[in-house]
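Heads up, upload-v5.csv below (CSV, C-alpha atoms):
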```csv
chain,number,residue,atom,x,y,z
Y,1,MET,CA,127.7,84.0,81.4
Y,2,ALA,CA,127.9,86.1,84.5
Y,3,PRO,CA,130.7,88.6,85.0
Y,4,GLY,CA,133.6,87.1,86.9
Y,5,ALA,CA,132.9,83.5,85.6
Y,6,THR,CA,135.3,81.7,83.4
Y,7,THR,CA,134.4,79.7,80.3
Y,8,GLY,CA,132.3,76.7,81.2
Y,9,ASP,CA,131.6,77.9,84.7
Y,10,THR,CA,128.5,79.3,86.2
Y,11,ALA,CA,129.1,82.1,88.8
Y,12,SER,CA,128.0,82.0,92.4
Y,13,VAL,CA,125.7,85.0,92.9
Y,14,LEU,CA,124.7,87.3,95.8
Y,15,ALA,CA,121.4,88.9,94.8
Y,16,VAL,CA,120.4,92.1,96.8
Y,17,SER,CA,117.1,94.0,96.7
Y,18,TRP,CA,115.1,96.2,99.0
Y,19,GLY,CA,111.9,95.8,97.0
Y,20,LYS,CA,110.3,99.2,96.5
Y,21,GLY,CA,113.2,100.8,98.2
Y,22,ASP,CA,111.6,102.7,101.0
Y,23,PRO,CA,114.5,102.7,103.5
Y,24,HIS,CA,112.0,103.3,106.4
Y,25,LYS,CA,109.8,100.3,105.5
Y,26,ASP,CA,111.7,97.9,103.3
Y,27,ALA,CA,114.5,95.7,104.6
Y,28,ILE,CA,117.4,94.7,102.3
Y,29,THR,CA,117.1,91.1,101.2
Y,30,LEU,CA,120.2,89.2,100.5
Y,31,VAL,CA,120.1,85.8,98.8
Y,32,PHE,CA,123.2,83.7,97.9
Y,33,VAL,CA,122.8,81.2,95.1
Y,34,ASP,CA,125.6,78.7,94.4
Y,35,GLU,CA,127.0,77.7,91.0
Y,36,ALA,CA,124.3,75.0,90.5
Y,37,GLY,CA,121.5,77.5,91.0
Y,38,ARG,CA,120.7,76.4,94.5
Y,39,MET,CA,119.8,78.9,97.1
Y,40,ARG,CA,122.3,78.4,100.0
Y,41,GLU,CA,121.6,81.3,102.3
Y,42,HIS,CA,119.2,84.2,102.7
Y,43,THR,CA,118.9,87.0,105.2
Y,44,LYS,CA,117.5,90.4,105.7
Y,45,ILE,CA,119.2,93.5,107.1
Y,46,ASP,CA,117.7,96.8,107.9
Y,47,ASN,CA,120.2,99.1,106.1
Y,48,LEU,CA,123.7,99.5,104.9
Y,49,PHE,CA,124.5,102.5,107.1
Y,50,ASP,CA,124.8,101.0,110.6
Y,51,THR,CA,128.1,99.4,111.3
Y,52,GLU,CA,126.4,96.2,112.7
Y,53,MET,CA,124.4,95.8,109.5
Y,54,VAL,CA,127.4,96.5,107.3
Y,55,ASP,CA,129.4,93.9,109.3
Y,56,GLU,CA,126.7,91.3,108.7
Y,57,PHE,CA,126.7,92.1,105.0
Y,58,ILE,CA,130.5,91.9,104.8
Y,59,ASP,CA,130.5,88.6,106.8
Y,60,LEU,CA,128.1,87.1,104.3
Y,61,VAL,CA,130.4,88.2,101.4
Y,62,LYS,CA,133.4,86.8,103.2
Y,63,ARG,CA,131.8,83.5,104.0
Y,64,ARG,CA,130.1,82.8,100.6
Y,65,ARG,CA,132.6,84.6,98.3
Y,66,PRO,CA,130.2,85.3,95.5
Y,67,GLN,CA,131.7,85.8,92.1
Y,68,VAL,CA,129.1,88.5,91.2
Y,69,ILE,CA,126.6,90.7,93.1
Y,70,VAL,CA,123.4,91.5,91.3
Y,71,ILE,CA,121.1,94.4,92.4
Y,72,GLY,CA,117.4,94.7,91.6
Y,73,GLY,CA,114.4,96.5,92.8
Y,74,PHE,CA,111.0,98.0,91.9
Y,75,SER,CA,111.9,101.7,92.0
Y,76,VAL,CA,114.5,104.3,91.2
Y,77,ALA,CA,115.7,103.9,94.8
Y,78,THR,CA,117.5,100.8,93.6
Y,79,LEU,CA,120.3,103.2,92.4
Y,80,LYS,CA,120.8,104.2,96.1
Y,81,LEU,CA,121.1,100.5,97.0
Y,82,MET,CA,123.6,99.9,94.2
Y,83,ASN,CA,125.7,102.8,95.5
Y,84,LEU,CA,125.6,101.5,99.0
Y,85,VAL,CA,126.6,98.0,98.0
Y,86,LYS,CA,129.4,99.3,95.8
Y,87,LYS,CA,130.7,101.6,98.6
Y,88,ASN,CA,130.8,98.7,101.0
Y,89,ILE,CA,132.3,96.2,98.6
Y,90,HIS,CA,134.8,98.4,96.7
Y,91,GLY,CA,135.5,101.0,99.4
Y,92,SER,CA,134.2,104.5,100.0
Y,93,ASN,CA,134.8,107.3,97.6
Y,94,SER,CA,132.7,109.9,99.4
Y,95,GLN,CA,134.7,112.9,100.6
Y,96,GLN,CA,131.9,114.5,102.7
Y,97,ASP,CA,133.5,114.6,106.2
Y,98,GLY,CA,132.4,111.0,107.0
Y,99,LEU,CA,128.8,111.4,105.7
Y,100,ASN,CA,127.4,109.5,102.8
Y,101,GLY,CA,125.2,111.1,100.1
Y,102,TRP,CA,122.1,110.8,102.3
Y,103,GLY,CA,123.5,112.5,105.4
Y,104,GLN,CA,124.1,109.2,107.2
Y,105,PRO,CA,127.5,108.4,108.8
Y,106,GLU,CA,129.8,106.4,106.5
Y,107,ALA,CA,130.1,102.8,107.3
Y,108,THR,CA,133.8,102.0,107.2
Y,109,ASN,CA,134.7,98.3,107.3
Y,110,GLY,CA,138.2,98.9,106.0
Y,111,GLN,CA,137.9,96.0,103.5
Y,112,THR,CA,137.4,95.9,99.8
Y,113,PHE,CA,136.5,93.0,97.5
Y,114,ASP,CA,137.1,92.6,93.8
Y,115,ILE,CA,133.6,91.5,93.0
Y,116,PRO,CA,131.6,92.9,90.1
Y,117,VAL,CA,128.3,94.6,91.2
Y,118,THR,CA,125.7,94.9,88.4
Y,119,TYR,CA,122.1,95.2,87.4
Y,120,VAL,CA,120.2,92.7,85.1
Y,121,HIS,CA,116.9,92.9,83.3
Y,122,ASP,CA,114.4,91.8,85.9
Y,123,ASP,CA,111.3,90.9,83.9
Y,124,VAL,CA,112.0,87.1,84.4
Y,125,ALA,CA,112.7,87.6,88.1
Y,126,ARG,CA,109.5,89.6,88.6
Y,127,MET,CA,107.5,86.8,87.0
Y,128,TYR,CA,109.3,84.1,88.9
Y,129,GLN,CA,108.6,85.7,92.3
Y,130,HIS,CA,104.8,85.1,91.9
Y,131,SER,CA,105.1,81.8,89.9
Y,132,LYS,CA,103.9,78.3,91.0
Y,133,ARG,CA,107.6,77.2,90.5
Y,134,ALA,CA,108.8,79.7,93.1
Y,135,GLU,CA,106.0,78.7,95.5
Y,136,VAL,CA,106.9,75.0,95.2
Y,137,GLU,CA,110.7,75.7,95.5
Y,138,PHE,CA,110.6,78.3,98.2
Y,139,SER,CA,107.2,78.5,99.9
Y,140,ALA,CA,108.7,80.0,103.1
Y,141,LEU,CA,110.5,82.9,101.4
Y,142,SER,CA,109.1,86.4,101.0
Y,143,PRO,CA,108.2,87.6,97.5
Y,144,THR,CA,111.3,89.8,97.6
Y,145,ALA,CA,113.6,86.8,98.4
Y,146,LYS,CA,112.0,84.9,95.6
Y,147,TYR,CA,112.7,87.8,93.3
Y,148,CYS,CA,116.3,87.7,94.4
Y,149,VAL,CA,116.5,84.0,93.6
Y,150,GLY,CA,115.1,84.9,90.1
Y,151,LEU,CA,117.7,87.6,89.6
Y,152,ALA,CA,120.6,85.3,90.6
Y,153,ARG,CA,119.4,82.5,88.4
Y,154,TYR,CA,118.9,84.9,85.5
Y,155,ILE,CA,122.4,86.2,85.7
Y,156,GLN,CA,123.7,82.7,85.8
Y,157,SER,CA,121.8,81.5,82.7
Y,158,PRO,CA,119.3,83.8,81.0
Y,159,LEU,CA,118.3,81.2,78.5
Y,160,ASN,CA,117.5,78.6,81.2
Y,161,GLU,CA,115.4,81.1,83.1
Y,162,TYR,CA,113.4,82.1,80.0
Y,163,ALA,CA,112.9,78.4,79.2
Y,164,ALA,CA,111.7,77.7,82.8
Y,165,LEU,CA,108.9,80.3,82.4
Y,166,GLY,CA,107.1,77.8,80.2
Y,167,ALA,CA,103.7,79.2,79.0
Y,168,ASP,CA,104.3,82.4,81.1
Y,169,ILE,CA,107.0,83.5,78.6
Y,170,THR,CA,104.2,85.1,76.5
Y,171,ALA,CA,103.8,87.8,79.2
Y,172,ILE,CA,107.2,89.2,78.3
Y,173,ALA,CA,107.2,91.7,75.5
Y,174,PHE,CA,110.1,91.5,73.2
Y,175,GLU,CA,111.0,94.2,70.6
Y,176,GLU,CA,107.7,95.1,69.0
Y,177,GLU,CA,108.6,94.3,65.4
Y,178,ASP,CA,109.7,90.8,66.5
Y,179,GLN,CA,106.9,90.1,68.9
Y,180,TYR,CA,104.9,88.2,66.3
Y,181,LEU,CA,107.7,85.6,66.2
Y,182,VAL,CA,106.7,84.3,69.6
Y,183,SER,CA,103.7,82.1,69.4
```
Give the structure from the file, written as structure tokens.
Amino acid sequence: MAPGATTGDTASVLAVSWGKGDPHKDAITLVFVDEAGRMREHTKIDNLFDTEMVDEFIDLVKRRRPQVIVIGGFSVATLKLMNLVKKNIHGSNSQQDGLNGWGQPEATNGQTFDIPVTYVHDDVARMYQHSKRAEVEFSALSPTAKYCVGLARYIQSPLNEYAALGADITAIAFEEEDQYLVS
């Protein structure tokens, strides 16, 4: 069960990724998935430094009210994205004369939200983004947006997402001593 959900409920999720994490090339992809696992909204923003971009991010959070925000990506730069999202959701804790840790001006929106921000294992989401299932469901989305859908659905129900892999589940390595248990 996702953080922030109550017993018997599935959480609504905002999945956030900037793919490989090059802030000069990769846009930040935002995908909102409702409690039933349906993608309801997706958008891209250039960064979380500029006030206009932060306002768009905060507007999405206000409108959709996700119960959890999940962060994913393909490099260690994902940690920077996690810190930016937390700063904009939970408030700034930087004391560097209005500059964030990367020398950019602080985005101050004056609002905070009590929404958990977390990582999840992304092996299932990485497989989902290139699967036939993703292509059938979301042919118009970018691979990073499909990856975000996979992250959101995984945090909602890991078991369902593993089961939905079908024959592709054999591509996931479990702990080595137990790997022989998967046929």
Worksheet item: Neighbours of Ser142 of chain Y within 10 Å (all atoms listed in the file; same-chain residues fewer than 6 positions away dropped), as a PyMOL selection string?
Response: chain Y and resi 29+129+135+148
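Across Y:Val120, Y:Leu84, Y:Val76, Y:Ile45, the tightest approach to Ser157 of chain Y is made by Y:Val120 when counting only C-alpha atoms.
For segment 59-67 of chain Y, the non-local neighbours within 6 Å, defined as residues at least 6 positions apart in the same chain or in other chains and counting all atoms listed in the file, are Gly4, Ala11, Ser12, Val13 and Leu14 of chain Y.
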Item to complete: Counting all atoms listed in the file, note down every residue that has an atom within 10 Å of the point (108.1, 82.7, 93.1) (file coordinates), as a ChimeraX atom specification.
Response: /Y:125-139,141-150
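What separates atom CA of Phe74 of chain Y from atom CA of Ala36 of chain Y is a distance of 26.6 Å.
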